[in-house]
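Shown below: data27.txt, with compact mmCIF, C-alpha atoms and all ligand atoms.
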```
# COMPACT_ATOMS: atom_id res chain seq x y z
CA MET A 111 -33.08 4.21 -1.40
CA ASN A 112 -32.76 1.97 1.65
CA GLN A 113 -33.45 2.85 5.26
CA PRO A 114 -31.72 6.07 6.26
CA LEU A 115 -28.39 5.48 7.96
CA ARG A 116 -28.25 5.58 11.74
CA HIS A 117 -24.45 5.16 11.99
CA LEU A 118 -21.64 4.96 9.46
CA LEU A 119 -19.63 1.96 10.57
CA GLN A 120 -18.61 0.42 7.26
CA ILE A 121 -19.07 0.58 3.52
CA GLU A 122 -19.78 -3.13 3.27
CA GLY A 123 -23.51 -3.61 2.94
CA LEU A 124 -24.31 -0.12 1.64
CA GLN A 125 -26.33 -0.11 -1.56
CA PRO A 126 -25.09 1.71 -4.67
CA PRO A 127 -27.91 4.33 -4.52
CA GLN A 128 -26.98 5.12 -0.90
CA ILE A 129 -23.34 5.54 -1.86
CA ALA A 130 -24.23 7.67 -4.87
CA ALA A 131 -26.46 9.90 -2.72
CA MET A 132 -23.63 10.45 -0.23
CA LEU A 133 -21.23 11.32 -3.03
CA ASP A 134 -23.76 13.73 -4.56
CA LEU A 135 -24.27 15.49 -1.24
CA ALA A 136 -20.49 15.67 -0.73
CA GLU A 137 -20.16 17.15 -4.20
CA SER A 138 -22.45 20.00 -3.17
CA TYR A 139 -20.22 20.62 -0.15
CA VAL A 140 -17.15 20.80 -2.39
CA LEU A 141 -18.85 23.62 -4.27
CA LEU A 142 -19.93 25.32 -1.05
CA ASN A 143 -16.40 25.14 0.38
CA ARG A 144 -14.87 26.48 -2.81
CA SER A 145 -17.31 29.37 -2.92
CA GLY A 146 -16.20 30.37 0.57
CA LYS A 147 -19.76 30.21 1.90
CA THR A 148 -20.71 28.37 5.08
CA GLN A 149 -23.78 26.67 6.40
CA ARG A 150 -23.28 27.10 10.09
CA ASP A 151 -26.94 26.85 10.99
CA LEU A 152 -27.19 23.23 9.85
CA LEU A 153 -25.68 21.62 12.96
CA ARG A 154 -26.16 24.53 15.34
CA GLY A 155 -26.77 23.27 18.87
CA ARG A 156 -25.49 19.80 17.97
CA THR A 157 -22.46 18.30 19.67
CA MET A 158 -19.83 16.31 17.85
CA ILE A 159 -17.23 14.51 19.89
CA SER A 160 -14.21 12.95 18.29
CA LEU A 161 -12.53 10.16 20.12
CA PHE A 162 -9.25 9.01 18.61
CA PHE A 163 -7.51 6.06 20.22
CA GLU A 164 -4.98 6.07 17.36
CA ASP A 165 -2.88 8.77 15.72
CA SER A 166 -4.36 10.85 12.95
CA THR A 167 -3.66 14.06 11.09
CA ARG A 168 -5.98 14.30 8.10
CA THR A 169 -9.00 12.42 9.38
CA ARG A 170 -9.19 14.13 12.74
CA THR A 171 -8.59 17.60 11.40
CA SER A 172 -11.04 17.25 8.55
CA PHE A 173 -13.80 15.93 10.81
CA GLU A 174 -13.21 18.87 13.12
CA LEU A 175 -13.29 21.31 10.24
CA ALA A 176 -16.37 19.65 8.77
CA GLY A 177 -18.24 19.85 12.09
CA LYS A 178 -17.27 23.48 12.57
CA ARG A 179 -18.21 24.47 9.03
CA LEU A 180 -21.69 23.15 9.71
CA GLY A 181 -21.93 24.96 13.04
CA ALA A 182 -21.66 22.03 15.47
CA ASP A 183 -20.03 22.30 18.88
CA VAL A 184 -16.92 20.22 18.33
CA ILE A 185 -15.00 18.54 21.11
CA ASN A 186 -11.84 16.51 20.66
CA MET A 187 -11.30 14.04 23.46
CA SER A 188 -7.71 12.98 23.77
CA VAL A 189 -7.27 9.39 24.71
CA SER A 190 -4.16 7.68 25.92
CA THR A 191 -3.72 4.49 23.99
CA SER A 192 -1.17 2.55 25.90
CA SER A 193 -2.10 2.20 29.54
CA VAL A 194 -5.77 1.34 29.43
CA ASN A 195 -7.77 -1.83 29.37
CA LYS A 196 -9.52 -1.16 26.10
CA GLY A 197 -12.77 -3.05 26.60
CA GLU A 198 -13.44 -1.49 29.97
CA THR A 199 -12.44 1.97 28.87
CA LEU A 200 -14.64 1.89 25.82
CA LEU A 201 -17.73 1.06 27.81
CA ASP A 202 -16.91 3.59 30.51
CA THR A 203 -16.33 6.15 27.82
CA ALA A 204 -19.65 5.31 26.21
CA ALA A 205 -21.46 5.99 29.47
CA THR A 206 -19.69 9.31 29.87
CA LEU A 207 -20.49 10.39 26.33
CA ASN A 208 -24.12 9.45 26.75
CA ALA A 209 -24.34 11.60 29.82
CA MET A 210 -23.07 14.55 27.78
CA ASN A 211 -25.86 14.27 25.18
CA CYS A 212 -23.49 13.91 22.30
CA ASP A 213 -25.20 13.82 18.87
CA LEU A 214 -22.34 12.68 16.67
CA LEU A 215 -19.47 10.53 17.78
CA VAL A 216 -16.43 10.09 15.57
CA VAL A 217 -14.29 7.15 16.65
CA ARG A 218 -10.91 5.80 15.60
CA HIS A 219 -9.64 2.71 17.36
CA ASP A 220 -6.92 0.13 16.81
CA GLN A 221 -9.35 -2.72 17.41
CA SER A 222 -11.58 -3.74 14.50
CA GLY A 223 -15.21 -3.52 15.61
CA ALA A 224 -14.72 -0.98 18.42
CA PRO A 225 -16.95 1.71 16.82
CA ALA A 226 -19.67 -0.90 16.23
CA LEU A 227 -19.50 -1.84 19.90
CA LEU A 228 -19.79 1.80 20.93
CA ALA A 229 -22.73 2.25 18.58
CA GLN A 230 -24.64 -0.31 20.63
CA LYS A 231 -24.03 1.62 23.83
CA VAL A 232 -24.55 5.26 22.95
CA ASP A 233 -27.49 7.26 21.67
CA ALA A 234 -25.27 9.30 19.35
CA ALA A 235 -24.78 8.53 15.68
CA VAL A 236 -21.39 6.82 15.48
CA ILE A 237 -18.98 7.36 12.60
CA ASN A 238 -16.10 4.96 12.18
CA ALA A 239 -12.96 7.01 11.51
CA GLY A 240 -10.89 3.84 11.06
CA ASP A 241 -11.00 0.67 13.16
CA GLY A 242 -7.98 -1.64 13.17
CA THR A 243 -7.69 -3.38 9.83
CA HIS A 244 -11.46 -3.40 9.26
CA GLU A 245 -12.77 -0.27 7.54
CA HIS A 246 -12.37 3.46 7.11
CA PRO A 247 -15.65 4.36 5.41
CA THR A 248 -15.16 8.12 5.02
CA GLN A 249 -11.80 7.47 3.36
CA GLY A 250 -13.51 5.13 0.90
CA LEU A 251 -16.08 7.82 0.16
CA LEU A 252 -13.53 10.59 -0.28
CA ASP A 253 -11.43 8.42 -2.58
CA ALA A 254 -14.50 7.60 -4.67
CA LEU A 255 -15.50 11.26 -4.82
CA THR A 256 -12.00 12.21 -5.95
CA ILE A 257 -12.06 9.59 -8.70
CA ARG A 258 -15.61 10.40 -9.79
CA ARG A 259 -14.88 14.11 -10.09
CA ARG A 260 -11.79 13.45 -12.23
CA ARG A 261 -13.12 10.64 -14.38
CA GLY A 262 -16.82 11.47 -14.33
CA ARG A 263 -17.76 7.94 -13.25
CA LEU A 264 -16.70 4.93 -11.22
CA GLU A 265 -18.25 2.24 -13.37
CA GLY A 266 -15.87 0.34 -15.60
CA LEU A 267 -12.70 1.99 -14.29
CA VAL A 268 -9.73 -0.22 -13.48
CA VAL A 269 -8.42 0.67 -10.03
CA ALA A 270 -5.17 -0.91 -8.83
CA ILE A 271 -4.59 -0.83 -5.07
CA CYS A 272 -0.93 -1.50 -4.31
CA GLY A 273 1.08 -2.39 -1.25
CA ASP A 274 0.08 -3.32 2.28
CA VAL A 275 -3.46 -4.49 1.56
CA LEU A 276 -3.34 -6.93 4.47
CA HIS A 277 -3.35 -4.23 7.15
CA SER A 278 -5.25 -1.57 5.28
CA ARG A 279 -8.74 -0.56 6.36
CA VAL A 280 -8.57 1.98 3.54
CA ALA A 281 -8.15 -0.84 1.02
CA ARG A 282 -11.12 -2.72 2.47
CA SER A 283 -13.46 0.27 2.36
CA ASN A 284 -12.30 1.08 -1.16
CA ILE A 285 -12.77 -2.49 -2.33
CA HIS A 286 -16.34 -2.62 -0.98
CA LEU A 287 -17.25 0.77 -2.37
CA LEU A 288 -15.63 0.54 -5.79
CA THR A 289 -16.82 -2.99 -6.55
CA ALA A 290 -20.36 -1.98 -5.50
CA MET A 291 -20.17 0.94 -7.93
CA GLY A 292 -18.95 -1.18 -10.84
CA SER A 293 -15.22 -0.48 -10.89
CA ARG A 294 -12.81 -3.32 -11.61
CA VAL A 295 -10.54 -3.51 -8.59
CA ARG A 296 -7.12 -5.15 -8.51
CA VAL A 297 -4.84 -5.57 -5.54
CA ILE A 298 -1.09 -5.80 -6.08
CA ALA A 299 1.23 -6.89 -3.28
CA PRO A 300 3.67 -9.59 -2.24
CA PRO A 301 1.83 -12.73 -1.04
CA THR A 302 2.63 -11.86 2.61
CA LEU A 303 0.64 -8.61 2.34
CA ILE A 304 -2.52 -9.97 0.69
CA PRO A 305 -5.41 -10.87 3.04
CA PRO A 306 -6.51 -14.49 2.78
CA GLU A 307 -9.46 -15.04 0.43
CA VAL A 308 -9.50 -11.43 -0.70
CA GLU A 309 -10.77 -12.66 -4.11
CA ARG A 310 -14.10 -13.26 -2.43
CA LEU A 311 -14.52 -9.49 -2.26
CA GLY A 312 -14.54 -9.42 -6.05
CA VAL A 313 -10.99 -8.26 -6.68
CA GLU A 314 -8.24 -9.65 -8.89
CA VAL A 315 -4.96 -10.42 -7.14
CA PHE A 316 -1.52 -9.69 -8.62
CA HIS A 317 1.92 -10.13 -7.12
CA ASP A 318 3.68 -8.39 -9.96
CA MET A 319 3.36 -4.63 -10.50
CA LYS A 320 3.87 -4.78 -14.25
CA ALA A 321 1.03 -7.24 -14.78
CA GLY A 322 -1.26 -5.59 -12.24
CA LEU A 323 -0.82 -2.05 -13.49
CA GLN A 324 -1.50 -2.82 -17.12
CA GLY A 325 -4.56 -0.88 -18.25
CA ALA A 326 -5.11 0.73 -14.83
CA ASP A 327 -6.97 4.08 -14.77
CA ILE A 328 -6.22 4.72 -11.11
CA VAL A 329 -3.21 3.58 -9.09
CA MET A 330 -3.60 3.78 -5.33
CA ALA A 331 -0.50 3.29 -3.18
CA LEU A 332 -0.89 2.26 0.47
CA ARG A 333 1.39 2.90 3.41
CA LEU A 334 3.42 -0.01 4.69
CA GLN A 335 1.83 -0.33 8.15
CA LYS A 336 4.80 -1.39 10.24
CA GLU A 337 2.91 -0.75 13.49
CA ARG A 338 0.50 -3.56 12.63
CA MET A 339 3.20 -6.06 11.67
CA ALA A 340 4.09 -8.42 14.47
CA ARG A 341 6.85 -9.94 12.36
CA GLY A 342 8.74 -8.86 9.29
CA LEU A 343 6.46 -9.40 6.30
CA VAL A 344 8.79 -7.63 3.90
CA PRO A 345 12.55 -8.14 3.73
CA SER A 346 13.32 -4.40 3.93
CA ALA A 347 11.89 -1.04 2.92
CA ARG A 348 14.47 -0.80 0.17
CA GLU A 349 13.57 -4.16 -1.25
CA PHE A 350 9.87 -3.30 -1.05
CA PHE A 351 10.41 -0.08 -2.95
CA ARG A 352 12.34 -1.88 -5.65
CA PHE A 353 9.49 -4.26 -6.44
CA TYR A 354 6.36 -2.42 -5.28
CA GLY A 355 7.26 1.24 -4.73
CA LEU A 356 5.32 3.42 -7.17
CA ASP A 357 7.83 5.38 -9.23
CA ALA A 358 7.63 6.85 -12.73
CA ALA A 359 8.98 3.67 -14.34
CA LYS A 360 6.28 1.48 -12.81
CA LEU A 361 3.55 4.06 -13.36
CA ALA A 362 4.39 3.89 -17.07
CA TRP A 363 2.93 0.35 -17.07
CA ALA A 364 -0.53 1.78 -16.28
CA LYS A 365 -2.66 3.76 -18.78
CA PRO A 366 -0.83 6.84 -20.11
CA ASP A 367 -3.22 9.14 -18.25
CA ALA A 368 -3.50 7.01 -15.08
CA LEU A 369 -3.95 9.02 -11.89
CA VAL A 370 -2.15 8.38 -8.61
CA MET A 371 -3.66 8.32 -5.13
CA HIS A 372 -2.45 7.71 -1.57
CA PRO A 373 -4.52 8.07 1.61
CA GLY A 374 -1.56 9.47 3.57
CA PRO A 375 0.51 9.52 5.63
CA MET A 376 3.08 8.68 2.95
CA ASN A 377 6.37 6.94 3.43
CA ARG A 378 8.24 8.56 0.58
CA GLY A 379 10.73 6.21 -0.99
CA VAL A 380 8.99 3.16 0.48
CA GLU A 381 5.58 2.72 -1.20
CA ILE A 382 5.74 5.85 -3.36
CA ASP A 383 8.45 7.97 -4.96
CA SER A 384 8.38 11.72 -4.30
CA ALA A 385 8.42 12.59 -8.00
CA VAL A 386 5.18 10.65 -8.51
CA ALA A 387 3.52 11.81 -5.28
CA ASP A 388 4.20 15.46 -6.10
CA ASP A 389 3.43 15.27 -9.83
CA PRO A 390 0.87 18.07 -10.31
CA VAL A 391 -0.76 16.35 -13.29
CA ARG A 392 -0.91 12.73 -12.21
CA SER A 393 -1.19 12.92 -8.42
CA LEU A 394 -4.57 13.41 -6.73
CA ILE A 395 -3.18 13.27 -3.20
CA ARG A 396 -3.90 16.90 -2.31
CA GLU A 397 -7.32 16.70 -3.87
CA GLN A 398 -8.08 13.66 -1.70
CA VAL A 399 -7.50 15.80 1.37
CA GLU A 400 -9.83 18.51 0.05
CA MET A 401 -12.52 15.94 -0.71
CA GLY A 402 -12.12 14.60 2.83
CA VAL A 403 -13.63 17.74 4.32
CA ALA A 404 -16.60 17.73 1.91
CA VAL A 405 -17.31 14.02 2.44
CA ARG A 406 -17.23 14.41 6.21
CA MET A 407 -19.58 17.39 6.01
CA ALA A 408 -21.97 15.25 3.99
CA VAL A 409 -21.79 12.35 6.43
CA LEU A 410 -22.31 14.57 9.48
CA ASP A 411 -25.23 16.26 7.72
CA LEU A 412 -26.89 12.95 6.80
CA LEU A 413 -26.47 11.36 10.21
CA ALA A 414 -27.54 14.47 12.11
CA ARG A 415 -30.87 14.33 10.29
CA ARG A 416 -31.49 11.05 12.10
CA THR A 417 -30.79 12.27 15.61
CA HIS A 418 -33.65 14.23 17.07
CA ARG A 419 -33.24 16.27 20.19
CA ASN A 420 -36.16 17.45 22.23
CA ASP A 421 -34.38 20.22 24.08
C1 LIG A 501 -5.04 5.85 6.86
C2 LIG A 501 -5.57 5.23 8.13
O1 LIG A 501 -5.35 5.73 9.23
O2 LIG A 501 -6.21 4.21 7.99
N1 LIG A 501 -4.82 7.21 6.96
C3 LIG A 501 -5.85 8.09 6.80
O3 LIG A 501 -6.82 8.05 7.50
N2 LIG A 501 -5.76 8.96 5.78
C4 LIG A 501 -3.97 5.10 6.22
C5 LIG A 501 -2.73 4.81 6.99
O4 LIG A 501 -2.62 4.97 8.19
O5 LIG A 501 -1.78 4.36 6.32
```

Turn this file's structure into structure tokens for me.
Amino acid sequence: MNQPLRHLLQIEGLQPPQIAAMLDLAESYVLLNRSGKTQRDLLRGRTMISLFFEDSTRTRTSFELAGKRLGADVINMSVSTSSVNKGETLLDTAATLNAMNCDLLVVRHDQSGAPALLAQKVDAAVINAGDGTHEHPTQGLLDALTIRRRRGRLEGLVVAICGDVLHSRVARSNIHLLTAMGSRVRVIAPPTLIPPEVERLGVEVFHDMKAGLQGADIVMALRLQKERMARGLVPSAREFFRFYGLDAAKLAWAKPDALVMHPGPMNRGVEIDSAVADDPVRSLIREQVEMGVAVRMAVLDLLARRTHRND
């Protein structure tokens, strides 16, 4: 195993044994959570601050729950996104957080690289909870854990990631993680929603759902991120659904037992049909949320081991 992690800013660059160790630890937290036991002494006396410059439901709540389940003092700082000069605010915020002796800092920001910048300025261990279109490492880990628990492995699986890959930090973290662990990753989207040179990340690119879904074990739908589109990259939501929306007819092109994922929040009827999203056999969407708490407990646990307090 490599050097222990100081921050979790991205999946890119992590080694397979590091990823596997995080998934194993998260797995033990799934069992702990299901058994109804807690481990509140683990982070007792530690402070976790979450700082979200962008909206969030699942990520923010599950980090809060994860911190509390391990006994940390959890503080959610609410940040107004619109009226601030972001560079200045970030650095001011860093100074404030440092003065509060924060141990773990969970940051979501609409600018790619913001958590990495903060990590240079604070003593706390920084966890990227999603930065712009860059990465969302805990989402990548929770998706991998969900897949691994269902399929028993990641290696050799064909994973098709469909929709707005261009703006998706979830797609990027998943691509880095799954290719590192030996999955065969495909991205399927109209040309306007594929990042330039994405093949360099080791994925196969498809513009046609039928071709891309053939033989897929896992089909991951992504939200159409309108808030990150300066101009119309798709003709209309209706048109997008017709060609790329995951419904039962398109899912039938994948393997007969293919499983469906979505990081949420979902736009039903845009990138995914309700019947598929709510299918109790094929859809893993609720399980992804459950895994999110366990993965975040594992990450907080690992990073807290690196921060030593003298008081
Ligand atoms: C994602 C995000 O914020 O990157 N949501 C999440 O964390 N589960 C995906 C999205 O916003 O579409």

Shell of 12 Å around range 336-344 of chain A, all atoms listed in the file, local chain residues under 5 positions omitted, as a PDB file with C-alpha atoms, in the frame of the given file:
```pdb
ATOM      1  CA  GLU A 164      -4.980   6.070  17.360  1.00  0.00           C
ATOM      2  CA  ASP A 165      -2.880   8.770  15.720  1.00  0.00           C
ATOM      3  CA  ASP A 220      -6.920   0.130  16.810  1.00  0.00           C
ATOM      4  CA  GLN A 221      -9.350  -2.720  17.410  1.00  0.00           C
ATOM      5  CA  GLY A 242      -7.980  -1.640  13.170  1.00  0.00           C
ATOM      6  CA  THR A 243      -7.690  -3.380   9.830  1.00  0.00           C
ATOM      7  CA  GLY A 273       1.080  -2.390  -1.250  1.00  0.00           C
ATOM      8  CA  ASP A 274       0.080  -3.320   2.280  1.00  0.00           C
ATOM      9  CA  VAL A 275      -3.460  -4.490   1.560  1.00  0.00           C
ATOM     10  CA  LEU A 276      -3.340  -6.930   4.470  1.00  0.00           C
ATOM     11  CA  HIS A 277      -3.350  -4.230   7.150  1.00  0.00           C
ATOM     12  CA  SER A 278      -5.250  -1.570   5.280  1.00  0.00           C
ATOM     13  CA  ARG A 279      -8.740  -0.560   6.360  1.00  0.00           C
ATOM     14  CA  ALA A 299       1.230  -6.890  -3.280  1.00  0.00           C
ATOM     15  CA  PRO A 300       3.670  -9.590  -2.240  1.00  0.00           C
ATOM     16  CA  PRO A 301       1.830 -12.730  -1.040  1.00  0.00           C
ATOM     17  CA  THR A 302       2.630 -11.860   2.610  1.00  0.00           C
ATOM     18  CA  LEU A 303       0.640  -8.610   2.340  1.00  0.00           C
ATOM     19  CA  ILE A 304      -2.520  -9.970   0.690  1.00  0.00           C
ATOM     20  CA  GLU A 349      13.570  -4.160  -1.250  1.00  0.00           C
ATOM     21  CA  PHE A 350       9.870  -3.300  -1.050  1.00  0.00           C
ATOM     22  CA  PHE A 351      10.410  -0.080  -2.950  1.00  0.00           C
ATOM     23  CA  ARG A 352      12.340  -1.880  -5.650  1.00  0.00           C
ATOM     24  CA  PHE A 353       9.490  -4.260  -6.440  1.00  0.00           C
ATOM     25  CA  TYR A 354       6.360  -2.420  -5.280  1.00  0.00           C
ATOM     26  CA  ASN A 377       6.370   6.940   3.430  1.00  0.00           C
ATOM     27  CA  VAL A 380       8.990   3.160   0.480  1.00  0.00           C
ATOM     28  CA  GLU A 381       5.580   2.720  -1.200  1.00  0.00           C
TER      29      GLU A 381
END
```

Practice item. Give the residues close to ligand LIG 501 (chain A), within 6 Å, counting all atoms listed in the file; write them as a count of residues only. Key: 9

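The space between CA of Thr289 in chain A and CA of Asp241 in chain A spans 20.9 Å.
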
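Between Leu332 in chain A and the candidates A:Val308, A:Leu115, A:Ala270, A:Leu361, the tightest atom-to-atom separation, counting only C-alpha atoms, involves A:Ala270.
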
**Study point:** Answer as a ChimeraX atom specification, residues within 12 Å of (11.1, 11.8, -12.6) using all atoms listed in the file
**Key:** /A:356-362,383-389

Practice item. For CA of Val269 in chain A and CA of Gly355 in chain A, determine how far apart the two atoms are, in Å to one decimal place. Key: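 Computed distance, CA of Val269 in chain A to CA of Gly355 in chain A, equals 16.6 Å.
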
Check your understanding: Please, what distance in Å, to one decimal, runs between CA of Gly123 in chain A and CA of Ala281 in chain A?
Key ->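 Going from CA of Gly123 in chain A over to CA of Ala281 in chain A, I get 15.7 Å.
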
Practice item. With a distance cut-off of 6 Å and all atoms listed in the file, select the neighbouring residues of range 134-144 of chain A, excluding the residue or stretch itself and same-chain residues fewer than 3 positions from it, and output the selection as a ChimeraX atom specification. Key: /A:131,147,404-405,408

**Study point:** Minimum-distance residue to Ser222 in chain A, chosen among A:Ser166, A:Gln120, A:Ser393, A:Thr248 (using all atoms listed in the file)
**Key:**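 With all atoms listed in the file as the atom set, the closest residue is A:Gln120.
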
Can you tell me, as a compact mmCIF listing (two decimals) with C-alpha atoms, in the coordinates of the input, what residues are no more than 10 Å from range 156-162 of chain A when counting only C-alpha atoms, ignoring any on the same chain fewer than 5 positions away?
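Result went into part_38.txt, see below:
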```txt
# COMPACT_ATOMS: atom_id res chain seq x y z
CA THR A 169 -9.00 12.42 9.38
CA ARG A 170 -9.19 14.13 12.74
CA PHE A 173 -13.80 15.93 10.81
CA GLU A 174 -13.21 18.87 13.12
CA GLY A 177 -18.24 19.85 12.09
CA LYS A 178 -17.27 23.48 12.57
CA LEU A 180 -21.69 23.15 9.71
CA GLY A 181 -21.93 24.96 13.04
CA ALA A 182 -21.66 22.03 15.47
CA ASP A 183 -20.03 22.30 18.88
CA VAL A 184 -16.92 20.22 18.33
CA ILE A 185 -15.00 18.54 21.11
CA ASN A 186 -11.84 16.51 20.66
CA MET A 187 -11.30 14.04 23.46
CA SER A 188 -7.71 12.98 23.77
CA VAL A 189 -7.27 9.39 24.71
CA SER A 190 -4.16 7.68 25.92
CA THR A 191 -3.72 4.49 23.99
CA THR A 203 -16.33 6.15 27.82
CA LEU A 207 -20.49 10.39 26.33
CA MET A 210 -23.07 14.55 27.78
CA ASN A 211 -25.86 14.27 25.18
CA CYS A 212 -23.49 13.91 22.30
CA ASP A 213 -25.20 13.82 18.87
CA LEU A 214 -22.34 12.68 16.67
CA LEU A 215 -19.47 10.53 17.78
CA VAL A 216 -16.43 10.09 15.57
CA VAL A 217 -14.29 7.15 16.65
CA ARG A 218 -10.91 5.80 15.60
CA HIS A 219 -9.64 2.71 17.36
CA ASP A 220 -6.92 0.13 16.81
CA ALA A 234 -25.27 9.30 19.35
CA ALA A 235 -24.78 8.53 15.68
CA VAL A 236 -21.39 6.82 15.48
CA ILE A 237 -18.98 7.36 12.60
CA ALA A 239 -12.96 7.01 11.51
CA GLY A 240 -10.89 3.84 11.06
CA LEU A 410 -22.31 14.57 9.48
CA ALA A 414 -27.54 14.47 12.11
CA THR A 417 -30.79 12.27 15.61
CA HIS A 418 -33.65 14.23 17.07
CA ARG A 419 -33.24 16.27 20.19
```
